[in-house]
>>> print(open('structure.pdb').read())   # PDB, C-alpha atoms, pLDDT in the B column
ATOM      1  CA  MET A   1       7.202 -36.822  10.126  1.00 41.00           C
ATOM      2  CA  ASN A   2       9.922 -37.537   7.602  1.00 41.00           C
ATOM      3  CA  PRO A   3      13.225 -35.616   7.768  1.00 41.00           C
ATOM      4  CA  GLU A   4      12.601 -33.758   4.484  1.00 41.00           C
ATOM      5  CA  THR A   5       9.290 -32.354   5.758  1.00 37.00           C
ATOM      6  CA  ALA A   6      10.841 -31.340   9.070  1.00 40.00           C
ATOM      7  CA  ALA A   7      13.628 -29.518   7.259  1.00 39.00           C
ATOM      8  CA  HIS A   8      11.137 -27.340   5.387  1.00 38.00           C
ATOM      9  CA  GLN A   9       9.056 -26.337   8.398  1.00 41.00           C
ATOM     10  CA  SER A  10       9.687 -22.897   9.808  1.00 48.00           C
ATOM     11  CA  THR A  11      10.971 -22.731  13.354  1.00 54.00           C
ATOM     12  CA  HIS A  12      10.524 -18.959  13.384  1.00 59.00           C
ATOM     13  CA  THR A  13       8.322 -17.732  16.226  1.00 68.00           C
ATOM     14  CA  PRO A  14       6.636 -14.360  15.580  1.00 69.00           C
ATOM     15  CA  THR A  15       7.933 -11.567  17.769  1.00 86.00           C
ATOM     16  CA  VAL A  16       5.873  -9.438  20.112  1.00 92.00           C
ATOM     17  CA  PHE A  17       3.914  -6.741  18.293  1.00 96.00           C
ATOM     18  CA  ALA A  18       5.299  -3.205  18.351  1.00 96.00           C
ATOM     19  CA  VAL A  19       4.573   0.067  16.553  1.00 96.00           C
ATOM     20  CA  GLU A  20       7.168   2.735  15.855  1.00 95.00           C
ATOM     21  CA  LEU A  21       5.700   6.114  14.886  1.00 94.00           C
ATOM     22  CA  VAL A  22       7.584   8.412  12.547  1.00 91.00           C
ATOM     23  CA  THR A  23       5.666  11.632  13.117  1.00 80.00           C
ATOM     24  CA  ASP A  24       8.002  13.972  11.260  1.00 85.00           C
ATOM     25  CA  SER A  25       6.834  12.586   7.918  1.00 82.00           C
ATOM     26  CA  HIS A  26       3.694  13.440   6.007  1.00 86.00           C
ATOM     27  CA  PRO A  27       1.707  11.365   5.962  1.00 91.00           C
ATOM     28  CA  CYS A  28       2.620   9.986   9.358  1.00 94.00           C
ATOM     29  CA  GLU A  29       4.331   6.591   9.164  1.00 95.00           C
ATOM     30  CA  ALA A  30       3.756   3.722  11.579  1.00 96.00           C
ATOM     31  CA  ARG A  31       6.170   0.803  11.317  1.00 97.00           C
ATOM     32  CA  LEU A  32       4.480  -2.383  12.470  1.00 98.00           C
ATOM     33  CA  ARG A  33       6.665  -5.221  13.789  1.00 97.00           C
ATOM     34  CA  GLY A  34       6.000  -8.715  15.030  1.00 96.00           C
ATOM     35  CA  ALA A  35       2.682 -10.530  15.166  1.00 96.00           C
ATOM     36  CA  LEU A  36      -0.514  -8.592  14.507  1.00 97.00           C
ATOM     37  CA  ASP A  37      -2.890 -10.985  16.219  1.00 96.00           C
ATOM     38  CA  ALA A  38      -5.643 -10.855  18.858  1.00 96.00           C
ATOM     39  CA  THR A  39      -3.167  -9.888  21.578  1.00 95.00           C
ATOM     40  CA  ALA A  40      -1.939  -6.888  19.564  1.00 96.00           C
ATOM     41  CA  THR A  41      -5.120  -5.301  18.229  1.00 95.00           C
ATOM     42  CA  HIS A  42      -5.642  -3.057  21.263  1.00 96.00           C
ATOM     43  CA  ARG A  43      -2.161  -1.566  20.783  1.00 96.00           C
ATOM     44  CA  LEU A  44      -2.836  -0.767  17.139  1.00 97.00           C
ATOM     45  CA  SER A  45      -6.222   0.734  18.037  1.00 97.00           C
ATOM     46  CA  ALA A  46      -4.573   2.951  20.651  1.00 97.00           C
ATOM     47  CA  VAL A  47      -2.075   4.228  18.056  1.00 96.00           C
ATOM     48  CA  VAL A  48      -4.869   5.011  15.591  1.00 97.00           C
ATOM     49  CA  GLU A  49      -6.881   6.820  18.284  1.00 97.00           C
ATOM     50  CA  HIS A  50      -3.789   8.866  19.204  1.00 95.00           C
ATOM     51  CA  LEU A  51      -3.226   9.836  15.563  1.00 95.00           C
ATOM     52  CA  VAL A  52      -6.860  10.882  15.113  1.00 95.00           C
ATOM     53  CA  ARG A  53      -6.795  12.941  18.350  1.00 95.00           C
ATOM     54  CA  SER A  54      -3.507  14.526  17.230  1.00 93.00           C
ATOM     55  CA  ASP A  55      -5.080  15.567  13.922  1.00 93.00           C
ATOM     56  CA  ARG A  56      -2.769  13.198  11.988  1.00 92.00           C
ATOM     57  CA  PRO A  57      -5.372  11.089  10.152  1.00 94.00           C
ATOM     58  CA  HIS A  58      -3.251  10.450   7.025  1.00 96.00           C
ATOM     59  CA  VAL A  59      -1.173   7.389   7.864  1.00 97.00           C
ATOM     60  CA  VAL A  60       1.093   4.865   6.152  1.00 97.00           C
ATOM     61  CA  PHE A  61       1.481   1.487   7.875  1.00 98.00           C
ATOM     62  CA  ASP A  62       4.850  -0.005   6.898  1.00 97.00           C
ATOM     63  CA  LEU A  63       4.463  -3.788   7.220  1.00 97.00           C
ATOM     64  CA  ALA A  64       8.008  -4.779   6.177  1.00 96.00           C
ATOM     65  CA  GLU A  65       8.760  -6.229   9.619  1.00 96.00           C
ATOM     66  CA  LEU A  66       5.361  -7.818  10.244  1.00 95.00           C
ATOM     67  CA  ASP A  67       5.900 -11.498  11.072  1.00 93.00           C
ATOM     68  CA  LEU A  68       2.272 -12.585  11.250  1.00 94.00           C
ATOM     69  CA  LEU A  69      -1.054 -11.183  10.108  1.00 96.00           C
ATOM     70  CA  ALA A  70      -3.796 -13.129  11.866  1.00 96.00           C
ATOM     71  CA  ALA A  71      -7.569 -12.836  11.369  1.00 96.00           C
ATOM     72  CA  ALA A  72      -7.837 -10.402  14.285  1.00 97.00           C
ATOM     73  CA  GLY A  73      -5.083  -8.342  12.662  1.00 97.00           C
ATOM     74  CA  LEU A  74      -7.072  -8.147   9.430  1.00 97.00           C
ATOM     75  CA  SER A  75     -10.046  -6.812  11.383  1.00 97.00           C
ATOM     76  CA  SER A  76      -7.790  -4.339  13.153  1.00 97.00           C
ATOM     77  CA  LEU A  77      -6.449  -2.994   9.832  1.00 98.00           C
ATOM     78  CA  LEU A  78      -9.996  -2.623   8.521  1.00 97.00           C
ATOM     79  CA  ARG A  79     -11.092  -0.777  11.698  1.00 98.00           C
ATOM     80  CA  ALA A  80      -8.066   1.524  11.430  1.00 98.00           C
ATOM     81  CA  ASP A  81      -9.010   2.335   7.834  1.00 98.00           C
ATOM     82  CA  VAL A  82     -12.611   3.118   8.839  1.00 98.00           C
ATOM     83  CA  GLU A  83     -11.523   5.305  11.781  1.00 97.00           C
ATOM     84  CA  LEU A  84      -8.968   7.258   9.758  1.00 98.00           C
ATOM     85  CA  ARG A  85     -11.386   7.804   6.861  1.00 97.00           C
ATOM     86  CA  GLY A  86     -14.033   8.896   9.365  1.00 97.00           C
ATOM     87  CA  ALA A  87     -11.599  11.547  10.589  1.00 97.00           C
ATOM     88  CA  GLY A  88     -11.087  12.779   7.026  1.00 97.00           C
ATOM     89  CA  GLY A  89      -7.848  10.873   6.573  1.00 97.00           C
ATOM     90  CA  SER A  90      -6.523   7.813   4.836  1.00 97.00           C
ATOM     91  CA  LEU A  91      -4.592   4.617   5.437  1.00 98.00           C
ATOM     92  CA  THR A  92      -2.034   3.138   3.050  1.00 98.00           C
ATOM     93  CA  LEU A  93      -0.270  -0.174   3.606  1.00 98.00           C
ATOM     94  CA  THR A  94       3.281  -0.339   2.285  1.00 97.00           C
ATOM     95  CA  ASN A  95       6.013  -2.989   2.130  1.00 97.00           C
ATOM     96  CA  VAL A  96       3.375  -5.685   2.570  1.00 97.00           C
ATOM     97  CA  PRO A  97       5.104  -9.096   2.820  1.00 95.00           C
ATOM     98  CA  ARG A  98       4.070 -11.651   0.202  1.00 94.00           C
ATOM     99  CA  PRO A  99       2.192 -13.934   2.677  1.00 94.00           C
ATOM    100  CA  ALA A 100       0.177 -10.962   3.962  1.00 95.00           C
ATOM    101  CA  ARG A 101      -0.598  -9.864   0.369  1.00 95.00           C
ATOM    102  CA  LYS A 102      -1.941 -13.358  -0.312  1.00 95.00           C
ATOM    103  CA  VAL A 103      -4.184 -13.237   2.759  1.00 95.00           C
ATOM    104  CA  LEU A 104      -5.435  -9.766   1.811  1.00 97.00           C
ATOM    105  CA  ALA A 105      -6.194 -10.995  -1.720  1.00 96.00           C
ATOM    106  CA  ILE A 106      -7.989 -14.155  -0.541  1.00 96.00           C
ATOM    107  CA  THR A 107     -10.186 -12.148   1.834  1.00 96.00           C
ATOM    108  CA  GLY A 108     -10.833  -9.386  -0.705  1.00 96.00           C
ATOM    109  CA  LEU A 109      -9.306  -6.789   1.606  1.00 97.00           C
ATOM    110  CA  ASP A 110      -6.753  -5.901  -1.057  1.00 96.00           C
ATOM    111  CA  GLU A 111      -9.688  -4.243  -2.845  1.00 96.00           C
ATOM    112  CA  ARG A 112     -10.964  -2.516   0.321  1.00 96.00           C
ATOM    113  CA  LEU A 113      -7.656  -1.269   1.747  1.00 98.00           C
ATOM    114  CA  THR A 114      -5.099   0.890  -0.075  1.00 97.00           C
ATOM    115  CA  LEU A 115      -1.905  -1.028  -0.761  1.00 97.00           C
ATOM    116  CA  ALA A 116       1.149   0.715  -2.153  1.00 95.00           C
ATOM    117  CA  PRO A 117       2.620  -1.137  -5.117  1.00 87.00           C
ATOM    118  CA  PRO A 118       5.575  -3.369  -4.290  1.00 75.00           C
ATOM    119  CA  ALA A 119       8.882  -1.479  -4.410  1.00 64.00           C
ATOM    120  CA  GLY A 120      10.603  -2.435  -7.622  1.00 54.00           C
ATOM    121  CA  GLY A 121       7.880  -4.970  -8.261  1.00 46.00           C
ATOM    122  CA  CYS A 122       9.791  -7.879  -6.753  1.00 41.00           C
ATOM    123  CA  HIS A 123      10.958  -7.798  -3.108  1.00 38.00           C
ATOM    124  CA  GLN A 124       8.096  -8.591  -0.768  1.00 38.00           C
ATOM    125  CA  GLY A 125       9.682 -10.684   1.954  1.00 40.00           C
ATOM    126  CA  ALA A 126       9.228 -14.390   2.567  1.00 36.00           C
TER
END
>>> encode(input="structure.pdb", output="structure tokens")
Amino acid sequence: MNPETAAHQSTHTPTVFAVELVTDSHPCEARLRGALDATATHRLSAVVEHLVRSDRPHVVFDLAELDLLAAAGLSSLLRADVELRGAGGSLTLTNVPRPARKVLAITGLDERLTLAPPAGGCHQGA
């Protein structure tokens, strides 16, 4: 590998997945952090189940601090949308980082899931 290529490679390792619930807002906000991959999907499912049981089916997932959106994470977002709609609610994704927006567009999930428009039309992360 030449030095120029090595300099442009990211050394960033995604952080462990976490969800912070902000339940005093309406709709309820869930701030997702870290890597939404196969190891994290059960945690997101548990949060969605809790919100449905708590009669809080209208949810905004804030993805501003999401480091990685893997294939399993895409499936998890789709399942969350189906579960919340089934409970009479809704799911909106906000602050979606540019790489995640690209993945959602390539897979067609940007047409299936509700994405809030980018704030100010420009800042979407790296």
>>> closest_residue(input="structure.pdb", among="A:Phe61, A:Ala80, A:Pro27, A:Leu93", to="Asp110 (chain A)", atoms="only C-alpha atoms")
A:Leu93
>>> atom_distance(input="structure.pdb", atom1="CA of Arg31 (chain A)", atom2="CA of Leu74 (chain A)")
16.1 Å
>>> closest_residue(input="structure.pdb", among="A:Thr39, A:Asn95, A:Thr15, A:Ser45", to="Ala64 (chain A)", atoms="all atoms listed in the file")
A:Asn95
>>> closest_residue(input="structure.pdb", among="A:Val16, A:Ala70, A:Pro57, A:Leu63", to="Ala38 (chain A)", atoms="only C-alpha atoms")
A:Ala70
>>> atom_distance(input="structure.pdb", atom1="CA of Asp24 (chain A)", atom2="CA of Val59 (chain A)")
11.8 Å
>>> resolve_selection(input="structure.pdb", expression="the PyMOL selection byres ((chain A and resi 49) around 12)", output="list in words")
His42, Arg43, Leu44, Ser45, Ala46, Val47, Val48, His50, Leu51, Val52, Arg53, Ser54, Asp55, Arg56, Pro57, Val59, Arg79, Ala80, Asp81, Val82, Glu83, Leu84, Gly86 and Ala87 of chain A
>>> write_last_selection(input="structure.pdb", atoms="C-alpha atoms", output="compact mmCIF listing (two decimals), in the coordinates of the input")
# COMPACT_ATOMS: atom_id res chain seq x y z
CA HIS A 42 -5.64 -3.06 21.26
CA ARG A 43 -2.16 -1.57 20.78
CA LEU A 44 -2.84 -0.77 17.14
CA SER A 45 -6.22 0.73 18.04
CA ALA A 46 -4.57 2.95 20.65
CA VAL A 47 -2.08 4.23 18.06
CA VAL A 48 -4.87 5.01 15.59
CA HIS A 50 -3.79 8.87 19.20
CA LEU A 51 -3.23 9.84 15.56
CA VAL A 52 -6.86 10.88 15.11
CA ARG A 53 -6.80 12.94 18.35
CA SER A 54 -3.51 14.53 17.23
CA ASP A 55 -5.08 15.57 13.92
CA ARG A 56 -2.77 13.20 11.99
CA PRO A 57 -5.37 11.09 10.15
CA VAL A 59 -1.17 7.39 7.86
CA ARG A 79 -11.09 -0.78 11.70
CA ALA A 80 -8.07 1.52 11.43
CA ASP A 81 -9.01 2.34 7.83
CA VAL A 82 -12.61 3.12 8.84
CA GLU A 83 -11.52 5.30 11.78
CA LEU A 84 -8.97 7.26 9.76
CA GLY A 86 -14.03 8.90 9.36
CA ALA A 87 -11.60 11.55 10.59
>>> atom_distance(input="structure.pdb", atom1="CA of His58 (chain A)", atom2="CA of Glu20 (chain A)")
15.7 Å
>>> closest_residue(input="structure.pdb", among="A:Leu21, A:Leu77, A:Leu113, A:Leu32", to="Asp62 (chain A)", atoms="only C-alpha atoms")
A:Leu32
>>> closest_residue(input="structure.pdb", among="A:Ile106, A:Ala30, A:Ala40, A:Val19", to="Leu91 (chain A)", atoms="all atoms listed in the file")
A:Ala30
>>> residues_around(input="structure.pdb", residues="Asp37 (chain A)", least_positions_apart="5", cutoff="8 Å", atoms="all atoms listed in the file", output="list of chain:residue names")
A:Leu68, A:Leu69, A:Ala70, A:Ala71, A:Ala72, A:Gly73
>>> write_last_selection(input="structure.pdb", atoms="C-alpha atoms", output="CSV table (one decimal), in the coordinates of the input")
chain,number,residue,atom,x,y,z
A,68,LEU,CA,2.3,-12.6,11.2
A,69,LEU,CA,-1.1,-11.2,10.1
A,70,ALA,CA,-3.8,-13.1,11.9
A,71,ALA,CA,-7.6,-12.8,11.4
A,72,ALA,CA,-7.8,-10.4,14.3
A,73,GLY,CA,-5.1,-8.3,12.7
>>> residues_around(input="structure.pdb", residues="Leu66 (chain A)", least_positions_apart="4", cutoff="7 Å", atoms="all atoms listed in the file", output="PyMOL selection string")
chain A and resi 32-35
>>> closest_residue(input="structure.pdb", among="A:Ala116, A:His26, A:Leu78, A:Asp67", to="Pro99 (chain A)", atoms="all atoms listed in the file")
A:Asp67
>>> axis_aligned_box(input="structure.pdb", around="region 108-119 of chain A", padding_each_side="8 Å", output="lines of an AutoDock Vina configuration file")
center_x = -1.0
center_y = -4.2
center_z = -1.7
size_x = 35.8
size_y = 26.3
size_z = 22.9
>>> build_atoms(input="structure.pdb", residues="region 44-56 of chain A", atoms="N, CA and C atoms", output="CSV table (one decimal), keeping the file's coordinate frame")
chain,number,residue,atom,x,y,z
A,44,LEU,N,-2.7,-1.5,18.4
A,44,LEU,CA,-2.8,-0.8,17.1
A,44,LEU,C,-4.0,0.2,17.2
A,45,SER,N,-5.1,-0.2,17.9
A,45,SER,CA,-6.2,0.7,18.0
A,45,SER,C,-5.8,2.0,18.8
A,46,ALA,N,-5.0,1.8,19.8
A,46,ALA,CA,-4.6,3.0,20.7
A,46,ALA,C,-3.7,3.9,19.8
A,47,VAL,N,-2.9,3.4,18.9
A,47,VAL,CA,-2.1,4.2,18.1
A,47,VAL,C,-3.0,5.0,17.1
A,48,VAL,N,-4.0,4.3,16.5
A,48,VAL,CA,-4.9,5.0,15.6
A,48,VAL,C,-5.7,6.1,16.3
A,49,GLU,N,-6.2,5.8,17.5
A,49,GLU,CA,-6.9,6.8,18.3
A,49,GLU,C,-6.0,8.0,18.6
A,50,HIS,N,-4.7,7.8,18.9
A,50,HIS,CA,-3.8,8.9,19.2
A,50,HIS,C,-3.6,9.7,18.0
A,51,LEU,N,-3.4,9.1,16.8
A,51,LEU,CA,-3.2,9.8,15.6
A,51,LEU,C,-4.4,10.7,15.2
A,52,VAL,N,-5.6,10.1,15.4
A,52,VAL,CA,-6.9,10.9,15.1
A,52,VAL,C,-7.0,12.1,16.1
A,53,ARG,N,-6.7,11.9,17.4
A,53,ARG,CA,-6.8,12.9,18.4
A,53,ARG,C,-5.7,14.0,18.1
A,54,SER,N,-4.6,13.6,17.5
A,54,SER,CA,-3.5,14.5,17.2
A,54,SER,C,-3.7,15.2,15.9
A,55,ASP,N,-4.8,15.0,15.2
A,55,ASP,CA,-5.1,15.6,13.9
A,55,ASP,C,-4.0,15.1,12.9
A,56,ARG,N,-3.7,13.8,12.9
A,56,ARG,CA,-2.8,13.2,12.0
A,56,ARG,C,-3.5,12.0,11.3
